[in-house]
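*Asks:* For reference, the file model-v9.cif (mmCIF, C-alpha atoms) is included below:
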data_work
loop_
_atom_site.group_PDB
_atom_site.id
_atom_site.type_symbol
_atom_site.label_atom_id
_atom_site.label_comp_id
_atom_site.auth_asym_id
_atom_site.auth_seq_id
_atom_site.Cartn_x
_atom_site.Cartn_y
_atom_site.Cartn_z
ATOM 1 C CA MET A 1 -5.382 -25.899 -1.187
ATOM 2 C CA PRO A 2 -1.608 -25.456 -1.557
ATOM 3 C CA ILE A 3 0.215 -28.320 -3.253
ATOM 4 C CA LEU A 4 3.376 -29.491 -1.525
ATOM 5 C CA ALA A 5 6.389 -30.048 -3.779
ATOM 6 C CA ALA A 6 9.325 -32.134 -2.580
ATOM 7 C CA ASN A 7 12.633 -30.428 -3.279
ATOM 8 C CA LEU A 8 14.748 -33.326 -4.481
ATOM 9 C CA SER A 9 18.002 -31.407 -4.115
ATOM 10 C CA PHE A 10 17.335 -31.351 -0.346
ATOM 11 C CA LEU A 11 15.025 -34.277 0.463
ATOM 12 C CA TYR A 12 15.730 -38.004 0.059
ATOM 13 C CA GLN A 13 19.486 -37.534 0.225
ATOM 14 C CA GLU A 14 19.634 -41.104 1.543
ATOM 15 C CA LEU A 15 18.766 -42.266 -1.994
ATOM 16 C CA PRO A 16 20.520 -41.936 -5.368
ATOM 17 C CA ALA A 17 19.294 -38.910 -7.306
ATOM 18 C CA ASP A 18 17.352 -40.935 -9.878
ATOM 19 C CA GLU A 19 15.424 -42.802 -7.165
ATOM 20 C CA ARG A 20 14.202 -39.726 -5.283
ATOM 21 C CA TRP A 21 11.368 -38.986 -7.716
ATOM 22 C CA ALA A 22 9.653 -42.332 -7.128
ATOM 23 C CA ALA A 23 10.219 -42.074 -3.376
ATOM 24 C CA ALA A 24 8.525 -38.681 -3.280
ATOM 25 C CA ARG A 25 5.575 -40.011 -5.281
ATOM 26 C CA ALA A 26 5.274 -43.016 -2.956
ATOM 27 C CA ASP A 27 5.090 -40.645 0.023
ATOM 28 C CA GLY A 28 2.162 -38.776 -1.502
ATOM 29 C CA PHE A 29 3.801 -35.843 -3.237
ATOM 30 C CA GLU A 30 2.136 -34.792 -6.476
ATOM 31 C CA ALA A 31 4.906 -32.373 -7.388
ATOM 32 C CA CYS A 32 8.645 -31.909 -7.026
ATOM 33 C CA GLU A 33 11.148 -29.150 -7.512
ATOM 34 C CA ILE A 34 14.895 -29.307 -8.038
ATOM 35 C CA LEU A 35 17.710 -26.800 -8.071
ATOM 36 C CA PHE A 36 19.155 -27.778 -11.449
ATOM 37 C CA PRO A 37 17.765 -30.518 -13.730
ATOM 38 C CA TYR A 38 20.423 -30.310 -16.443
ATOM 39 C CA ALA A 39 22.371 -33.476 -15.624
ATOM 40 C CA GLU A 40 19.530 -35.462 -17.206
ATOM 41 C CA PRO A 41 18.286 -34.943 -20.782
ATOM 42 C CA ALA A 42 15.025 -33.003 -20.845
ATOM 43 C CA ALA A 43 13.140 -35.717 -22.732
ATOM 44 C CA GLN A 44 14.250 -38.375 -20.252
ATOM 45 C CA LEU A 45 13.165 -36.220 -17.326
ATOM 46 C CA ALA A 46 9.817 -35.533 -18.976
ATOM 47 C CA SER A 47 9.271 -39.267 -19.461
ATOM 48 C CA ARG A 48 10.088 -39.946 -15.809
ATOM 49 C CA LEU A 49 7.591 -37.326 -14.661
ATOM 50 C CA GLN A 50 4.868 -38.702 -16.909
ATOM 51 C CA THR A 51 5.456 -42.290 -15.786
ATOM 52 C CA LEU A 52 5.254 -41.345 -12.099
ATOM 53 C CA GLY A 53 2.398 -38.869 -12.443
ATOM 54 C CA LEU A 54 4.538 -36.062 -11.033
ATOM 55 C CA GLN A 55 4.640 -32.386 -11.881
ATOM 56 C CA LEU A 56 7.911 -30.474 -11.891
ATOM 57 C CA ALA A 57 6.853 -27.283 -10.141
ATOM 58 C CA LEU A 58 10.041 -25.228 -10.341
ATOM 59 C CA PHE A 59 13.746 -25.283 -11.074
ATOM 60 C CA ASN A 60 16.538 -22.738 -11.442
ATOM 61 C CA ALA A 61 18.025 -21.393 -14.641
ATOM 62 C CA PRO A 62 21.720 -22.255 -14.931
ATOM 63 C CA ALA A 63 23.599 -20.300 -12.289
ATOM 64 C CA GLY A 64 27.198 -20.476 -13.480
ATOM 65 C CA ASP A 65 29.896 -22.523 -11.786
ATOM 66 C CA TRP A 66 28.419 -23.327 -8.370
ATOM 67 C CA SER A 67 31.604 -24.970 -7.102
ATOM 68 C CA ALA A 68 33.516 -21.776 -7.916
ATOM 69 C CA GLY A 69 31.082 -19.617 -5.963
ATOM 70 C CA ASP A 70 28.655 -18.533 -8.679
ATOM 71 C CA ARG A 71 25.100 -18.076 -7.437
ATOM 72 C CA GLY A 72 23.432 -16.880 -10.591
ATOM 73 C CA LEU A 73 24.470 -14.646 -13.480
ATOM 74 C CA ALA A 74 21.595 -12.270 -14.149
ATOM 75 C CA CYS A 75 23.037 -9.201 -12.393
ATOM 76 C CA LEU A 76 26.554 -9.612 -13.826
ATOM 77 C CA PRO A 77 27.127 -7.466 -16.951
ATOM 78 C CA ALA A 78 30.329 -9.292 -17.879
ATOM 79 C CA ARG A 79 28.409 -12.576 -18.172
ATOM 80 C CA ARG A 80 25.357 -11.334 -20.048
ATOM 81 C CA ASP A 81 25.709 -13.741 -22.973
ATOM 82 C CA GLU A 82 26.358 -16.745 -20.749
ATOM 83 C CA CYS A 83 23.257 -15.884 -18.740
ATOM 84 C CA ARG A 84 21.083 -15.678 -21.851
ATOM 85 C CA ALA A 85 22.350 -18.976 -23.203
ATOM 86 C CA GLY A 86 21.481 -20.573 -19.877
ATOM 87 C CA LEU A 87 18.036 -19.015 -19.886
ATOM 88 C CA LEU A 88 17.331 -20.461 -23.321
ATOM 89 C CA GLN A 89 18.431 -23.890 -22.106
ATOM 90 C CA ALA A 90 16.133 -23.538 -19.095
ATOM 91 C CA LEU A 91 13.204 -22.588 -21.326
ATOM 92 C CA ASP A 92 13.784 -25.734 -23.386
ATOM 93 C CA TYR A 93 13.664 -27.836 -20.202
ATOM 94 C CA ALA A 94 10.542 -26.058 -18.984
ATOM 95 C CA THR A 95 8.799 -26.646 -22.289
ATOM 96 C CA ALA A 96 9.727 -30.333 -22.346
ATOM 97 C CA THR A 97 8.661 -30.980 -18.755
ATOM 98 C CA GLY A 98 5.624 -28.690 -18.539
ATOM 99 C CA THR A 99 7.224 -26.695 -15.712
ATOM 100 C CA ARG A 100 5.497 -23.360 -15.053
ATOM 101 C CA ARG A 101 7.932 -21.654 -12.683
ATOM 102 C CA LEU A 102 11.565 -20.805 -13.440
ATOM 103 C CA HIS A 103 13.778 -19.126 -10.862
ATOM 104 C CA VAL A 104 16.292 -16.666 -12.318
ATOM 105 C CA MET A 105 19.057 -16.265 -9.742
ATOM 106 C CA ALA A 106 20.572 -12.789 -9.528
ATOM 107 C CA GLY A 107 24.123 -13.618 -8.517
ATOM 108 C CA VAL A 108 26.809 -12.221 -6.243
ATOM 109 C CA PRO A 109 28.079 -8.989 -7.815
ATOM 110 C CA GLY A 110 31.103 -8.424 -5.589
ATOM 111 C CA ALA A 111 32.524 -5.133 -4.398
ATOM 112 C CA SER A 112 33.764 -4.026 -7.816
ATOM 113 C CA LEU A 113 30.241 -3.769 -9.295
ATOM 114 C CA VAL A 114 28.132 -0.885 -8.029
ATOM 115 C CA PRO A 115 24.571 -1.828 -6.978
ATOM 116 C CA GLU A 116 22.997 0.399 -9.643
ATOM 117 C CA ALA A 117 24.841 -1.426 -12.426
ATOM 118 C CA ALA A 118 23.914 -4.809 -10.978
ATOM 119 C CA GLN A 119 20.273 -3.797 -10.761
ATOM 120 C CA ASP A 120 20.199 -2.433 -14.304
ATOM 121 C CA CYS A 121 21.682 -5.672 -15.627
ATOM 122 C CA TYR A 122 19.287 -7.833 -13.612
ATOM 123 C CA LEU A 123 16.277 -5.900 -14.903
ATOM 124 C CA GLU A 124 17.571 -6.077 -18.466
ATOM 125 C CA GLN A 125 18.025 -9.841 -18.269
ATOM 126 C CA LEU A 126 14.615 -10.393 -16.705
ATOM 127 C CA ARG A 127 12.954 -8.297 -19.413
ATOM 128 C CA TRP A 128 14.794 -10.222 -22.103
ATOM 129 C CA ALA A 129 13.868 -13.571 -20.540
ATOM 130 C CA ALA A 130 10.221 -12.556 -20.224
ATOM 131 C CA GLU A 131 10.155 -11.654 -23.913
ATOM 132 C CA GLN A 132 11.289 -15.183 -24.779
ATOM 133 C CA LEU A 133 8.229 -16.749 -23.133
ATOM 134 C CA GLY A 134 5.848 -15.997 -25.969
ATOM 135 C CA GLU A 135 2.444 -17.529 -25.265
ATOM 136 C CA SER A 136 3.839 -19.924 -22.678
ATOM 137 C CA GLU A 137 2.199 -20.236 -19.262
ATOM 138 C CA LEU A 138 5.671 -20.294 -17.720
ATOM 139 C CA ARG A 139 6.327 -17.558 -15.176
ATOM 140 C CA LEU A 140 9.743 -16.299 -14.109
ATOM 141 C CA CYS A 141 10.528 -15.949 -10.405
ATOM 142 C CA ILE A 142 12.904 -13.841 -8.346
ATOM 143 C CA GLU A 143 13.761 -14.847 -4.781
ATOM 144 C CA PRO A 144 15.315 -12.839 -1.944
ATOM 145 C CA ILE A 145 17.979 -14.974 -0.236
ATOM 146 C CA ASN A 146 19.355 -14.211 3.204
ATOM 147 C CA GLY A 147 22.929 -13.029 3.546
ATOM 148 C CA ILE A 148 23.800 -15.567 6.239
ATOM 149 C CA ASP A 149 23.357 -18.557 3.954
ATOM 150 C CA MET A 150 24.477 -16.751 0.794
ATOM 151 C CA PRO A 151 26.740 -13.780 1.602
ATOM 152 C CA GLY A 152 26.758 -11.017 -0.984
ATOM 153 C CA TYR A 153 23.738 -12.260 -2.926
ATOM 154 C CA PHE A 154 22.296 -9.278 -4.768
ATOM 155 C CA LEU A 155 18.580 -9.813 -4.033
ATOM 156 C CA HIS A 156 18.321 -10.041 -0.258
ATOM 157 C CA SER A 157 15.021 -8.530 0.972
ATOM 158 C CA GLN A 158 11.310 -8.572 0.259
ATOM 159 C CA ALA A 159 11.238 -4.783 -0.134
ATOM 160 C CA GLN A 160 14.010 -4.932 -2.730
ATOM 161 C CA ALA A 161 12.148 -7.660 -4.640
ATOM 162 C CA HIS A 162 8.933 -5.626 -4.704
ATOM 163 C CA ALA A 163 10.841 -2.547 -5.865
ATOM 164 C CA LEU A 164 12.304 -4.566 -8.741
ATOM 165 C CA LEU A 165 8.897 -5.945 -9.657
ATOM 166 C CA ASP A 166 7.503 -2.407 -9.621
ATOM 167 C CA LEU A 167 10.187 -1.363 -12.101
ATOM 168 C CA LEU A 168 9.594 -4.406 -14.298
ATOM 169 C CA ASN A 169 5.801 -4.043 -14.255
ATOM 170 C CA ASP A 170 5.464 -7.388 -16.034
ATOM 171 C CA ASP A 171 3.053 -10.099 -14.875
ATOM 172 C CA ARG A 172 5.343 -12.730 -16.375
ATOM 173 C CA VAL A 173 7.767 -12.189 -13.479
ATOM 174 C CA GLY A 174 6.632 -12.956 -9.929
ATOM 175 C CA LEU A 175 7.925 -13.474 -6.406
ATOM 176 C CA GLN A 176 9.330 -16.733 -5.117
ATOM 177 C CA PHE A 177 8.689 -16.347 -1.391
ATOM 178 C CA ASP A 178 10.966 -18.469 0.751
ATOM 179 C CA ALA A 179 9.703 -18.362 4.339
ATOM 180 C CA TYR A 180 13.019 -19.631 5.701
ATOM 181 C CA HIS A 181 15.073 -16.915 4.015
ATOM 182 C CA CYS A 182 12.575 -14.276 5.077
ATOM 183 C CA GLN A 183 12.657 -15.404 8.703
ATOM 184 C CA ARG A 184 16.443 -15.506 8.794
ATOM 185 C CA SER A 185 16.893 -12.007 7.444
ATOM 186 C CA GLU A 186 13.707 -10.059 8.206
ATOM 187 C CA GLY A 187 11.018 -11.835 10.232
ATOM 188 C CA GLU A 188 7.295 -10.988 10.053
ATOM 189 C CA VAL A 189 6.948 -13.827 7.581
ATOM 190 C CA LEU A 190 3.166 -14.117 7.576
ATOM 191 C CA ASN A 191 2.655 -10.375 7.073
ATOM 192 C CA LYS A 192 5.129 -10.262 4.196
ATOM 193 C CA LEU A 193 3.594 -13.370 2.662
ATOM 194 C CA ARG A 194 0.138 -11.773 2.856
ATOM 195 C CA GLN A 195 1.409 -8.601 1.217
ATOM 196 C CA ALA A 196 2.845 -10.575 -1.680
ATOM 197 C CA PHE A 197 -0.395 -12.511 -2.133
ATOM 198 C CA GLU A 198 -2.572 -9.403 -1.978
ATOM 199 C CA ARG A 199 -0.405 -7.693 -4.584
ATOM 200 C CA GLY A 200 -0.862 -10.641 -6.934
ATOM 201 C CA ARG A 201 2.857 -11.403 -6.970
ATOM 202 C CA LEU A 202 3.032 -14.727 -5.161
ATOM 203 C CA ALA A 203 4.287 -17.102 -7.833
ATOM 204 C CA HIS A 204 5.803 -19.800 -5.629
ATOM 205 C CA VAL A 205 6.376 -20.478 -1.911
ATOM 206 C CA GLN A 206 9.100 -22.454 -0.149
ATOM 207 C CA ILE A 207 9.325 -23.554 3.474
ATOM 208 C CA ALA A 208 11.861 -24.874 5.978
ATOM 209 C CA GLY A 209 12.334 -24.661 9.711
ATOM 210 C CA ALA A 210 14.333 -21.697 10.992
ATOM 211 C CA PRO A 211 17.083 -21.233 11.960
ATOM 212 C CA ASP A 212 18.403 -24.759 11.269
ATOM 213 C CA ARG A 213 16.647 -25.449 7.944
ATOM 214 C CA HIS A 214 15.303 -28.787 9.115
ATOM 215 C CA GLU A 215 11.645 -29.886 8.966
ATOM 216 C CA PRO A 216 9.326 -26.859 8.869
ATOM 217 C CA ASP A 217 7.476 -27.883 12.047
ATOM 218 C CA ARG A 218 10.657 -27.205 14.042
ATOM 219 C CA GLY A 219 12.096 -23.886 15.155
ATOM 220 C CA GLU A 220 10.746 -20.357 14.888
ATOM 221 C CA LEU A 221 8.214 -20.725 12.065
ATOM 222 C CA ARG A 222 4.761 -22.266 12.510
ATOM 223 C CA VAL A 223 4.265 -24.170 9.294
ATOM 224 C CA GLU A 224 0.679 -25.116 10.110
ATOM 225 C CA ALA A 225 -0.275 -21.430 10.438
ATOM 226 C CA LEU A 226 1.487 -20.547 7.203
ATOM 227 C CA LEU A 227 -0.131 -23.338 5.192
ATOM 228 C CA GLN A 228 -3.539 -22.630 6.696
ATOM 229 C CA ALA A 229 -3.212 -18.950 5.817
ATOM 230 C CA LEU A 230 -2.365 -19.796 2.218
ATOM 231 C CA ASP A 231 -5.377 -22.107 2.100
ATOM 232 C CA ASP A 232 -7.653 -19.456 3.599
ATOM 233 C CA TRP A 233 -6.490 -16.858 1.086
ATOM 234 C CA GLY A 234 -7.158 -19.204 -1.807
ATOM 235 C CA TYR A 235 -3.568 -19.842 -2.870
ATOM 236 C CA THR A 236 -3.598 -22.944 -5.061
ATOM 237 C CA GLY A 237 0.037 -22.911 -6.173
ATOM 238 C CA HIS A 238 2.948 -24.981 -4.980
ATOM 239 C CA VAL A 239 4.795 -24.878 -1.676
ATOM 240 C CA GLY A 240 8.297 -26.238 -2.065
ATOM 241 C CA CYS A 241 9.702 -28.294 0.797
ATOM 242 C CA GLU A 242 13.274 -27.034 0.641
ATOM 243 C CA TYR A 243 14.740 -28.268 3.895
ATOM 244 C CA ARG A 244 17.386 -30.659 5.159
ATOM 245 C CA PRO A 245 15.772 -33.541 7.058
ATOM 246 C CA ALA A 246 17.087 -33.944 10.577
ATOM 247 C CA SER A 247 17.242 -37.706 10.026
ATOM 248 C CA GLY A 248 15.515 -39.640 7.239
ATOM 249 C CA THR A 249 13.159 -37.826 4.882
ATOM 250 C CA ARG A 250 10.240 -40.217 5.333
ATOM 251 C CA GLU A 251 10.599 -40.268 9.115
ATOM 252 C CA GLY A 252 10.217 -36.493 9.250
ATOM 253 C CA LEU A 253 7.135 -36.119 7.058
ATOM 254 C CA GLY A 254 4.548 -36.282 9.824
ATOM 255 C CA TRP A 255 3.922 -32.518 9.549
ATOM 256 C CA ALA A 256 3.075 -32.887 5.849
ATOM 257 C CA ARG A 257 0.541 -35.715 6.029
ATOM 258 C CA PRO A 258 -2.569 -33.485 6.272
ATOM 259 C CA TRP A 259 -1.464 -31.613 3.151
ATOM 260 C CA LEU A 260 -0.449 -34.540 0.952
ATOM 261 C CA ARG A 261 -3.259 -35.613 -1.332
ATOM 262 C CA GLY A 262 -1.468 -37.987 -3.691
#
Can you give me the file's structure in the form of C-alpha cells?
*Replies:*
Amino acid sequence: MPILAANLSFLYQELPADERWAAARADGFEACEILFPYAEPAAQLASRLQTLGLQLALFNAPAGDWSAGDRGLACLPARRDECRAGLLQALDYATATGTRRLHVMAGVPGASLVPEAAQDCYLEQLRWAAEQLGESELRLCIEPINGIDMPGYFLHSQAQAHALLDLLNDDRVGLQFDAYHCQRSEGEVLNKLRQAFERGRLAHVQIAGAPDRHEPDRGELRVEALLQALDDWGYTGHVGCEYRPASGTREGLGWARPWLRG
C-alpha cells in the first residue's frame, strides 16, 4: 500500500512552518516531505521527527539561490563545486534524519550552455553523488519538471529522464515521478507511471490536481485510479502530496482518508 507523505512546503500554509509537522501527524500522515530542510539544524529536525513518529520521505539537495532564479545546480559546469558542497550537506541531513530519497535538481542552463554540456555535467554530478552514498540505503532521485511551471528547466520529460538513467546505469539513482508535471507537459500519466514501475525505476511519486495544482481529486487526473494502480502493482513507497490546497489543508483531505493509516 502506498504511503502518503504530506509536503510541508505546500500543505498547512495556514500554520507556522514548525507547527506543520505535528498538524500532518494529527491528520494521519506517517511521513512528510519538504523542499529544503536546511533552515533547521539536522539534529533538531531528527528529534522532531522521532518525537512525532514521522518519517521524512524526501527533500531536495540545495538548489542555489532560489530567489535569484536558481532551480538546481547539477547541470551547471560553472557551479560544480558549489553543487558538490550542497550535496554533501544534503547527505549529512539525510543521515541524521533517516531520509532515504534525495532529489538532485538539474537546474536551468540558459541559452549560453549547449544541452550536451549540461547533460554531461548532470551525469558527472549524479555519478559523483552516488559514489558518496557508500553503504547507505539512501537513493538519489531525478524529476522531470514541466516547462510551464519552471521554464528552461533542463530535465523536462519522462523520455529524457529514462535516457539519462540508461546512461547512468546505477541503481542508486531512480525516478521521482510527479504526476502533475507529467500531466501538464505530456499526459498519459498512468502509462508512463507503469513503465517506470516495470523498469524498476520508480523511487518516489508525487501527486497534485492538474492543471491548477490543488487537491489531487480535482481536475484532469483521477487520483483514486493512480493510487489504486500503485497498490495493485505492489508499490510500497511514498506518494508525496505536493499541492496547494484550495482552502484549508485539513478541509481538503477527504480524498486522502482511505489511504491514511496513521
*Asks:* Can you work out which one of A:Glu186, A:Glu137, A:Asp178, A:Asp120 has the shortest atom-to-atom distance to Ala159 (chain A), counting all atoms listed in the file?
*Replies:*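 Result for the nearest residue to Ala159 (chain A): A:Glu186.
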*Asks:* I'd like the neighbourhood of Gly174 (chain A) as a ChimeraX atom specification, where a residue qualifies if any of its atoms comes within 12 Å (using only C-alpha atoms), though same-chain residues fewer than 3 positions away should be ignored.
*Replies:* /A:100-104,126,130,138-144,161-166,168-171,177,196-197,199-205
*Asks:* Tell me which protein, DNA and RNA residues are within 12 Å of region 70-76 of chain A, counting only C-alpha atoms, leaving out same-chain ones fewer than 5 positions away, and put them as a PyMOL selection string.
*Replies:* chain A and resi 35-36+60-65+81-87+103-110+112-129+142-143+145+149-155
*Asks:* One decimal, in Å: what's the spacing between CA of Pro37 (chain A) and CA of Arg80 (chain A)?
*Replies:*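 Those two atoms sit 21.6 Å apart.
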*Asks:* Report, in Å with one decimal, the straight-line distance from CA of Leu58 (chain A) to CA of Thr99 (chain A).
*Replies:*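 It comes out at 6.2 Å.
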*Asks:* Could you pull region 94-189 of chain A out of the structure I just pasted and write it to a file containing C-alpha atoms, as a CSV table (one decimal), in the first residue's frame?
*Replies:*
chain,number,residue,atom,x,y,z
A,94,ALA,CA,19.7,12.5,5.2
A,95,THR,CA,21.9,10.5,7.5
A,96,ALA,CA,20.7,12.4,10.6
A,97,THR,CA,17.0,12.1,9.7
A,98,GLY,CA,17.0,8.6,8.2
A,99,THR,CA,15.7,10.0,4.9
A,100,ARG,CA,16.0,7.5,2.0
A,101,ARG,CA,15.2,9.7,-1.0
A,102,LEU,CA,17.2,12.8,-2.1
A,103,HIS,CA,16.1,14.8,-5.1
A,104,VAL,CA,19.0,16.3,-7.1
A,105,MET,CA,17.6,19.2,-9.1
A,106,ALA,CA,19.2,19.7,-12.5
A,107,GLY,CA,18.9,23.5,-12.9
A,108,VAL,CA,18.2,25.9,-15.7
A,109,PRO,CA,21.2,26.0,-18.0
A,110,GLY,CA,20.2,29.1,-20.1
A,111,ALA,CA,20.8,29.7,-23.8
A,112,SER,CA,24.6,30.0,-23.4
A,113,LEU,CA,25.1,26.4,-22.3
A,114,VAL,CA,24.6,23.8,-25.0
A,115,PRO,CA,22.4,20.8,-24.0
A,116,GLU,CA,25.2,18.3,-24.4
A,117,ALA,CA,27.4,20.1,-21.9
A,118,ALA,CA,24.6,20.4,-19.5
A,119,GLN,CA,23.8,16.7,-19.8
A,120,ASP,CA,27.5,15.7,-19.3
A,121,CYS,CA,27.7,17.9,-16.2
A,122,TYR,CA,24.5,16.5,-14.8
A,123,LEU,CA,25.6,12.9,-15.3
A,124,GLU,CA,29.0,13.6,-13.8
A,125,GLN,CA,27.5,15.2,-10.7
A,126,LEU,CA,25.0,12.3,-10.3
A,127,ARG,CA,27.8,9.8,-10.6
A,128,TRP,CA,29.8,11.6,-8.0
A,129,ALA,CA,26.9,11.9,-5.6
A,130,ALA,CA,26.1,8.2,-6.0
A,131,GLU,CA,29.7,7.4,-5.1
A,132,GLN,CA,29.3,9.3,-1.8
A,133,LEU,CA,26.5,7.1,-0.6
A,134,GLY,CA,28.6,4.2,0.4
A,135,GLU,CA,26.5,1.5,2.1
A,136,SER,CA,23.7,3.9,2.8
A,137,GLU,CA,20.1,2.9,1.8
A,138,LEU,CA,19.6,6.5,0.5
A,139,ARG,CA,18.6,6.7,-3.2
A,140,LEU,CA,19.1,9.7,-5.4
A,141,CYS,CA,16.2,10.9,-7.5
A,142,ILE,CA,15.8,12.9,-10.7
A,143,GLU,CA,12.5,14.5,-11.6
A,144,PRO,CA,11.2,15.9,-14.9
A,145,ILE,CA,9.5,19.2,-14.3
A,146,ASN,CA,7.1,20.8,-16.8
A,147,GLY,CA,8.2,23.9,-18.7
A,148,ILE,CA,5.1,25.9,-17.8
A,149,ASP,CA,5.8,26.0,-14.1
A,150,MET,CA,9.6,26.1,-14.5
A,151,PRO,CA,10.6,27.5,-17.8
A,152,GLY,CA,14.0,26.3,-19.1
A,153,TYR,CA,14.4,23.5,-16.6
A,154,PHE,CA,16.9,21.1,-18.1
A,155,LEU,CA,15.1,17.8,-17.2
A,156,HIS,CA,11.6,18.2,-18.7
A,157,SER,CA,10.3,14.8,-19.9
A,158,GLN,CA,9.9,11.2,-18.9
A,159,ALA,CA,11.8,10.0,-22.0
A,160,GLN,CA,14.7,12.3,-21.2
A,161,ALA,CA,14.8,11.0,-17.6
A,162,HIS,CA,14.9,7.4,-18.8
A,163,ALA,CA,17.6,8.2,-21.3
A,164,LEU,CA,19.7,9.7,-18.5
A,165,LEU,CA,19.1,6.7,-16.3
A,166,ASP,CA,20.1,4.4,-19.1
A,167,LEU,CA,23.4,6.3,-19.4
A,168,LEU,CA,24.0,6.2,-15.6
A,169,ASN,CA,23.1,2.5,-15.3
A,170,ASP,CA,23.2,2.9,-11.5
A,171,ASP,CA,20.5,1.5,-9.2
A,172,ARG,CA,21.4,4.2,-6.6
A,173,VAL,CA,19.7,6.8,-8.9
A,174,GLY,CA,15.9,6.5,-9.6
A,175,LEU,CA,13.0,8.4,-11.0
A,176,GLN,CA,10.9,10.8,-9.0
A,177,PHE,CA,7.6,10.6,-10.9
A,178,ASP,CA,5.5,13.7,-10.4
A,179,ALA,CA,2.0,13.0,-11.9
A,180,TYR,CA,1.2,16.7,-12.0
A,181,HIS,CA,4.3,17.7,-14.0
A,182,CYS,CA,3.7,14.7,-16.3
A,183,GLN,CA,0.1,15.6,-17.0
A,184,ARG,CA,1.0,19.3,-17.7
A,185,SER,CA,3.7,18.5,-20.2
A,186,GLU,CA,3.0,15.1,-21.6
A,187,GLY,CA,-0.2,13.3,-20.5
A,188,GLU,CA,-0.7,9.5,-20.5
A,189,VAL,CA,0.3,9.6,-16.8
